[in-house]
Number of protein chains: 2
Amino acid sequence: MDLQTLLCRKLEELDGKARFAEDWWEHHSGGGGRTCVIQEGNVFEKGAVNTSAISTKLTPLLAERMKVSPQEIFATGVSLILHPSSPMIPTVHANFRYLELQDGSFWFGGGADLTPYYLFEEDAHHFHAVWKTVCEQYNSGSYERFKEACDEYFFLKHRLEARGIGGIFFDYLKGDFEKVFSFVRSCAESFLKAYLPIVERRFHEPWGEREKNWQLFRRGRYVEFNLIYDRGTLFGLETQGRTESILLSLPPLVRWGYNIKPERGSKEEQLIKVLRSPRNWMEL
Amino acid sequence: MDLQTLLCRKLEELDGKARFAEDWWEHHSGGGGRTCVIQEGNVFEKGAVNTSAISTKLTPLLAERMKVSPQEIFATGVSLILHPSSPMIPTVHANFRYLELQDGSFWFGGGADLTPYYLFEEDAHHFHAVWKTVCEQYNSGSYERFKEACDEYFFLKHRLEARGIGGIFFDYLKGDFEKVFSFVRSCAESFLKAYLPIVERRFHEPWGEREKNWQLFRRGRYVEFNLIYDRGTLFGLETQGRTESILLSLPPLVRWGYNIKPERGSKEEQLIKVLRSPRNWMEL
């Protein structure tokens with residue numbers, strides 16, 4: 001929650017106009033959370049920084065997916081999603097969580113990924129470089145594994161497209177509690193370093209109706225991913241979490257068309273090409 | 001396909017401006033379909049009338065959900081969804097399908113349901129009355145069963161809301177092929193009678209920014225239902241159907257906010273109340 005407060009303060013400073021509104025809520029089976037929402041800002045059309053800590057019983061569906069017996073679970077985490085107004089600034093998502101079962105087993109999960117509407121290679125490189133540094137301090141080779149896991153997880157099978165240019169993703173991270181916790185903590189603390197410079201660099205990039213329209217269509221893919229595939233969304237809805245907090249990940253305004261295809265040779269097509277075959281952003 | 005052609009012609013007449021564009025496609029494992037799309041009309045902001053007839057192998061997930069062994073399945077049907085521009089005209093969906101397994105078993109499924117943004121009781125009554133007449137010619141008591149199945153199926157657990165004011169829904173309808181087929185056929189042929197008078201009655205109803213905005217938020221619920229719960233959408237995506245045809249059910253423009261609540265005593269609140277506790281529309 002300290003980190004949540006810090007993130008909100010820094011994001012408000014960056015936005016320069018809108019402020020986060022704060023809501024406390026309780027979970028029906030124990031625990032609760034704090035939801036912080038920013039809307040209609042200079043930078044952010046809609047964004048949220050959420051924390052929660054709940055205790056609940058796993059439903060049969062969730063227990064089956066986690067390959068454990070149905071039992072009490074304690075889940076806590078911070079998650080964040082930012083949908084900028086400008087189509088030149090990427091949407092970003094990050095989540096860091098800790099889970100503990102009644103049987104004493106525990107694990108960490110999390111990650112951060114970037115979803116640009118227009119591709120700026122140096123932004124993708126910068127984002128990945130931050131995560132590589134953090135990962136290398138934890139375990140050599142972990143960046144490569146977590147980067148690959150990210151590409152695999154944030155993939156829309158029915159579109160044959162990645163959600164964005166990736167980042168890192170890890171789940172069921174076990175082992176020495178202090179070591180893993182310290183890694184997850186340093187990930188969370190590196191978020192601003194990974195994202196803020198990109199916002200600052202792209203804020204003055206010009207755009208018009210064409211670019212905004214493209215963003216609205218691409219946001220449709222974001223919705224498709226979150227509602228069809230995302231484990232966190234499913235976990236939240238299945239455990240009867242607070243729907244308004246869980247679905248804050250959805251963009252403010254979204255468009256679905258029919259057979260929308262970018263023009264050949266256009267910047268829009270360039271993005272799609274990268275989403276179809278993920279790149280190694282450390283080699284530019 | 002004759003019915004598809006007829007529906008498109010009648011809906012074009014009603015719209016008076018936009019025309020259906022037609023696309024033929026093939027399924028990777030056998031068969032294909034015809035997709036007809038209408039956009040930016042006088043009445044319809046986006047709509048589709050689709051037919052398809054495909055042969056494919058059930059994935060383990062689908063076989064499990066259908067409680068059969070993984071095997072070849074033949075699936076054919078007509079489905080239709082219309083998203084009007086005016087928030088005073090309800091969105092409508094209908095689907096009529098036939099499925100046949102390699103082992104020789106077969107069944108019909110289908111239904112039609114109405115999703116108003118503002119409630120006009122006489123429209124809901126009219127819609128249900130048409131389906132009641134069709135059902136009663138098939139089997140006495142079937143309307144009540146199919147109406148209840150509709151309320152149960154088109155329910156958003158995470159919102160504790162129905163998608164709309166219902167209609168009829170049936171699945172795994174077996175028995176005498178000719179009798180069941182004749183019922184499903186007369187359902188499909190009754191669609192225009194059920195929906196067109198409602199469009200005609202509401203077309204001149206005035207509306208402004210407030211009503212449009214409410215429609216955009218409510219369309220968010222439509223997306224949530226289709227991507228989280230809808231069996232047909234899942235079946236299509238899982239069998240690697242044509243994504244652009246399957247997701248034509250999604251509305252053209254959608255908004256997600258945070259904690260949007262209708263004012264007390266407003267027309268918007270009236271709608272929500274009905275979605276929270278489904279009514280018997282034959283007793284007004």
# chains A, B, ... in the order shown; residues from 1 in each chain; ligands from 1
>>> residues_around(residues="range 274-282 of chain A", least_positions_apart="2", cutoff="6 Å", atoms="only C-alpha atoms", output="list of chain:residue names")
A:His125, A:Glu161, A:Ala162, A:Leu271, A:Ile272
>>> write_last_selection(atoms="N, CA and C atoms", output="PDB file, in the first residue's frame")
ATOM      1  N   HIS A 125      12.785  -1.055 -26.467  1.00  0.00           N
ATOM      2  CA  HIS A 125      14.111  -1.392 -25.959  1.00  0.00           C
ATOM      3  C   HIS A 125      14.277  -0.905 -24.514  1.00  0.00           C
ATOM      4  N   GLU A 161      -1.959 -12.953 -32.620  1.00  0.00           N
ATOM      5  CA  GLU A 161      -1.242 -11.705 -32.327  1.00  0.00           C
ATOM      6  C   GLU A 161      -0.886 -11.654 -30.844  1.00  0.00           C
ATOM      7  N   ALA A 162       0.270 -11.076 -30.540  1.00  0.00           N
ATOM      8  CA  ALA A 162       0.584 -10.748 -29.154  1.00  0.00           C
ATOM      9  C   ALA A 162      -0.219  -9.515 -28.756  1.00  0.00           C
ATOM     10  N   LEU A 271       3.274  -2.171 -36.789  1.00  0.00           N
ATOM     11  CA  LEU A 271       2.958  -2.674 -35.454  1.00  0.00           C
ATOM     12  C   LEU A 271       2.479  -4.125 -35.525  1.00  0.00           C
ATOM     13  N   ILE A 272       1.528  -4.383 -36.423  1.00  0.00           N
ATOM     14  CA  ILE A 272       0.948  -5.725 -36.541  1.00  0.00           C
ATOM     15  C   ILE A 272       2.032  -6.766 -36.829  1.00  0.00           C
TER      16      ILE A 272
END
>>> residues_around(residues="range 107-109 of chain B", least_positions_apart="4", cutoff="7 Å", atoms="only C-alpha atoms", output="list in words")
Phe96, Arg97, Tyr98, Leu99, Glu100, Phe170, Asp171, Tyr172, Leu173 and Lys174 of chain B
>>> write_last_selection(atoms="all heavy atoms", output="compact mmCIF listing (two decimals), in the first residue's frame")
# COMPACT_ATOMS: atom_id res chain seq x y z
N PHE B 96 -29.99 -19.98 -34.76
CA PHE B 96 -30.67 -21.26 -34.92
C PHE B 96 -29.67 -22.22 -35.54
O PHE B 96 -29.08 -21.91 -36.58
CB PHE B 96 -31.92 -21.10 -35.78
CG PHE B 96 -32.86 -20.09 -35.17
CD1 PHE B 96 -32.92 -18.78 -35.63
CD2 PHE B 96 -33.62 -20.44 -34.05
CE1 PHE B 96 -33.73 -17.84 -35.02
CE2 PHE B 96 -34.44 -19.50 -33.43
CZ PHE B 96 -34.49 -18.20 -33.93
N ARG B 97 -29.44 -23.36 -34.88
CA ARG B 97 -28.33 -24.21 -35.29
C ARG B 97 -28.68 -25.70 -35.20
O ARG B 97 -29.57 -26.11 -34.47
CB ARG B 97 -27.10 -23.92 -34.42
CG ARG B 97 -27.35 -24.12 -32.95
CD ARG B 97 -26.21 -23.61 -32.07
NE ARG B 97 -26.53 -23.78 -30.65
CZ ARG B 97 -27.25 -22.92 -29.92
NH1 ARG B 97 -27.71 -21.80 -30.45
NH2 ARG B 97 -27.51 -23.17 -28.64
N TYR B 98 -27.91 -26.47 -35.96
CA TYR B 98 -28.07 -27.91 -35.99
C TYR B 98 -26.69 -28.54 -35.85
O TYR B 98 -25.75 -28.11 -36.51
CB TYR B 98 -28.70 -28.33 -37.33
CG TYR B 98 -28.69 -29.82 -37.56
CD1 TYR B 98 -29.58 -30.64 -36.89
CD2 TYR B 98 -27.77 -30.40 -38.44
CE1 TYR B 98 -29.56 -32.01 -37.09
CE2 TYR B 98 -27.75 -31.78 -38.64
CZ TYR B 98 -28.65 -32.57 -37.96
OH TYR B 98 -28.62 -33.93 -38.15
N LEU B 99 -26.58 -29.52 -34.97
CA LEU B 99 -25.29 -30.18 -34.75
C LEU B 99 -25.42 -31.69 -34.87
O LEU B 99 -26.43 -32.26 -34.44
CB LEU B 99 -24.72 -29.80 -33.38
CG LEU B 99 -24.35 -28.30 -33.31
CD1 LEU B 99 -25.38 -27.52 -32.52
CD2 LEU B 99 -22.96 -28.10 -32.75
N GLU B 100 -24.40 -32.28 -35.45
CA GLU B 100 -24.45 -33.72 -35.68
C GLU B 100 -23.08 -34.30 -35.39
O GLU B 100 -22.07 -33.79 -35.88
CB GLU B 100 -24.83 -33.96 -37.14
CG GLU B 100 -25.28 -35.37 -37.46
CD GLU B 100 -25.66 -35.49 -38.95
OE1 GLU B 100 -26.69 -34.92 -39.35
OE2 GLU B 100 -24.89 -36.14 -39.67
N PHE B 170 -33.00 -22.55 -26.31
CA PHE B 170 -33.04 -24.01 -26.17
C PHE B 170 -31.76 -24.60 -26.73
O PHE B 170 -31.13 -24.03 -27.61
CB PHE B 170 -34.27 -24.61 -26.88
CG PHE B 170 -34.48 -24.09 -28.28
CD1 PHE B 170 -33.84 -24.69 -29.37
CD2 PHE B 170 -35.30 -23.00 -28.51
CE1 PHE B 170 -34.03 -24.21 -30.67
CE2 PHE B 170 -35.49 -22.51 -29.80
CZ PHE B 170 -34.86 -23.11 -30.89
N ASP B 171 -31.37 -25.74 -26.18
CA ASP B 171 -30.16 -26.40 -26.64
C ASP B 171 -30.36 -27.90 -26.45
O ASP B 171 -31.20 -28.33 -25.67
CB ASP B 171 -28.94 -25.92 -25.85
CG ASP B 171 -27.65 -26.04 -26.67
OD1 ASP B 171 -27.71 -26.57 -27.79
OD2 ASP B 171 -26.60 -25.60 -26.17
N TYR B 172 -29.63 -28.70 -27.21
CA TYR B 172 -29.74 -30.16 -27.11
C TYR B 172 -31.18 -30.62 -27.31
O TYR B 172 -31.66 -31.49 -26.60
CB TYR B 172 -29.17 -30.66 -25.78
CG TYR B 172 -27.70 -30.31 -25.64
CD1 TYR B 172 -27.28 -29.26 -24.84
CD2 TYR B 172 -26.75 -31.03 -26.36
CE1 TYR B 172 -25.93 -28.93 -24.74
CE2 TYR B 172 -25.39 -30.71 -26.26
CZ TYR B 172 -24.99 -29.66 -25.46
OH TYR B 172 -23.66 -29.34 -25.36
N LEU B 173 -31.86 -29.99 -28.27
CA LEU B 173 -33.24 -30.36 -28.58
C LEU B 173 -33.19 -31.58 -29.52
O LEU B 173 -32.78 -31.47 -30.67
CB LEU B 173 -33.93 -29.18 -29.27
CG LEU B 173 -35.38 -28.91 -28.88
CD1 LEU B 173 -35.51 -28.70 -27.38
CD2 LEU B 173 -35.90 -27.67 -29.63
N LYS B 174 -33.61 -32.73 -28.99
CA LYS B 174 -33.52 -33.98 -29.76
C LYS B 174 -34.92 -34.51 -30.01
O LYS B 174 -35.91 -33.85 -29.76
CB LYS B 174 -32.68 -34.99 -28.97
CG LYS B 174 -31.29 -34.48 -28.67
CD LYS B 174 -30.46 -35.43 -27.84
CE LYS B 174 -29.10 -34.78 -27.58
NZ LYS B 174 -28.13 -35.72 -27.03
>>> atom_distance(atom1="CA of Gly232 in chain B", atom2="CA of Ala48 in chain B")
15.1 Å
>>> residues_around(residues="Phe169 in chain A", least_positions_apart="2", cutoff="6 Å", atoms="only C-alpha atoms", output="VMD selection string")
chain A and resid 110 to 111 146 149 to 150
>>> atom_distance(atom1="CA of Ala75 in chain A", atom2="CA of Ile54 in chain A")
5.5 Å
